[in-house]
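Written out below as structure tokens is the structure these notes cover.
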Amino acid sequence: MGSPLQPHSPKVVERATVSVPKVIGATYYLVKLYAHDHEGIFGNVIDDHRFELSGIGQIAQDEWKRSAEAYTNLKLDKWVLWPNRLEGIVSLRDATGSGDYREHRSKPRLLTSFVASYKAAAAKRVNLLRNSPGSPLWQRGYQERFIADSIILKRVQQTLEQSRC
């Protein structure tokens, strides 16, 4: 920068580059889906240590895995089923090669499509089990959070893993 006796020139700006570890090759989202009216229908926590799935919870779990198989550019990461919700990390790969999903401001269509098809398939099976066609299973919409880098991804994965009963 020069001698401490020289006056500081505001035109000269020193910039430090901040290196943020990026998730290479995929974009990750934390997705939360809530049961209708936040009802605890997917199972019960027993003795604060164990989660026992109900029949509805078993369907929700099976459909989560099955629905993801239909999407080649979508992979499931860690996920956990609670009595009233499903929380999971979903990774997306851009099929067009035009960049990644971080460049878009709205929810990615691939993620929205996956969630919609999952919710519909799970609701159909659950309503057949309950003999109540057309009854709501899910809260409208869903929550998603973009996971910006590998450090945050690791933290979210650990949180989901620790929250398993």
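Residue names in the structure tokens use chain letters A, B, ... in the order shown, residue numbers from 1 in each chain, and ligand numbers from 1 in the order shown.
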
Inset, instruction - Would you kindly return, as an MDAnalysis selection string, each protein, DNA or RNA residue with an atom no farther than 10 Å from any atom of Arg125 in chain A, considering only C-alpha atoms and excluding same-chain residues fewer than 5 positions away? - result: chainID A and resid 56 59:60 63 120 130:131 133

Based on the selection just made, write N, CA, C and O atoms of those residues as an mmCIF file, in the first residue's frame.
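This went into out_36.cif:
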```
data_model
loop_
_atom_site.group_PDB
_atom_site.id
_atom_site.type_symbol
_atom_site.label_atom_id
_atom_site.label_comp_id
_atom_site.auth_asym_id
_atom_site.auth_seq_id
_atom_site.Cartn_x
_atom_site.Cartn_y
_atom_site.Cartn_z
ATOM 1 N N ILE A 56 -49.703 -45.056 7.886
ATOM 2 C CA ILE A 56 -49.623 -43.853 7.047
ATOM 3 C C ILE A 56 -48.170 -43.405 6.920
ATOM 4 O O ILE A 56 -47.714 -43.017 5.843
ATOM 5 N N ILE A 59 -46.333 -45.553 4.428
ATOM 6 C CA ILE A 59 -46.642 -45.138 3.051
ATOM 7 C C ILE A 59 -45.863 -43.877 2.696
ATOM 8 O O ILE A 59 -45.268 -43.786 1.615
ATOM 9 N N ALA A 60 -45.835 -42.904 3.604
ATOM 10 C CA ALA A 60 -45.112 -41.655 3.353
ATOM 11 C C ALA A 60 -43.629 -41.932 3.097
ATOM 12 O O ALA A 60 -43.026 -41.363 2.187
ATOM 13 N N GLU A 63 -43.216 -43.896 -0.369
ATOM 14 C CA GLU A 63 -43.450 -43.016 -1.520
ATOM 15 C C GLU A 63 -42.336 -41.995 -1.697
ATOM 16 O O GLU A 63 -42.023 -41.608 -2.813
ATOM 17 N N ALA A 120 -49.026 -36.102 -4.066
ATOM 18 C CA ALA A 120 -50.206 -36.704 -4.705
ATOM 19 C C ALA A 120 -50.197 -38.230 -4.559
ATOM 20 O O ALA A 120 -51.217 -38.839 -4.218
ATOM 21 N N ARG A 130 -57.294 -45.298 4.256
ATOM 22 C CA ARG A 130 -58.301 -44.729 5.182
ATOM 23 C C ARG A 130 -59.719 -44.795 4.622
ATOM 24 O O ARG A 130 -60.650 -44.405 5.296
ATOM 25 N N ASN A 131 -59.843 -45.233 3.372
ATOM 26 C CA ASN A 131 -61.130 -45.257 2.682
ATOM 27 C C ASN A 131 -61.795 -43.869 2.701
ATOM 28 O O ASN A 131 -62.963 -43.715 3.038
ATOM 29 N N PRO A 133 -61.364 -41.060 -0.075
ATOM 30 C CA PRO A 133 -60.829 -40.419 -1.273
ATOM 31 C C PRO A 133 -60.991 -38.898 -1.221
ATOM 32 O O PRO A 133 -62.027 -38.391 -0.796
#
```

Legend entry - Residue nearest Tyr28 in chain A among A:Asn127, A:Asn84, A:Gln162, A:Asn73 (counting only C-alpha atoms):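 Closest residue, counting only C-alpha atoms: A:Asn73.
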
Can you list every residue of range 24-51 of chain A that has an atom at most 10 Å from range 77-80 of chain A, with its nearest atom pair and the distance in Å to one decimal, using only C-alpha atoms, ordered by chain then number, as CSV?
```
residue,atom,partner,partner_atom,distance
A:Tyr28,CA,A:Asp77,CA,9.0
A:Tyr29,CA,A:Asp77,CA,9.7
A:Leu30,CA,A:Trp79,CA,9.0
A:Val31,CA,A:Trp79,CA,9.1
A:Lys32,CA,A:Trp79,CA,9.7
```

Legend entry - Residue with smallest distance to Leu92 in chain A - pool A:Arg140, A:Arg50, A:Lys75, A:Lys107, counting only C-alpha atoms: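 Closest to Leu92 in chain A of all the choices is A:Lys75.
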
Inset, instruction - Name all residues at most 12 Å from Ala121 in chain A (count only C-alpha atoms; drop same-chain ones fewer than 5 positions away) and give them as a PyMOL selection string. - result: chain A and resi 59-68+114-116+126-128+134+137-138

Legend entry - Surrounding residues of Leu81 in chain A excluding itself and chain neighbours under 5 positions, 12 Å, only C-alpha atoms, as a ChimeraX atom specification: /A:31-35,40-45,50-54,56-62,64,86-88,160-161,163-165

Legend entry - strand (DSSP E or B) per DSSP on the backbone: members of range 8-94 of chain A, as a ChimeraX atom specification: /A:27-35,43-46,50-53,74-81,85-92
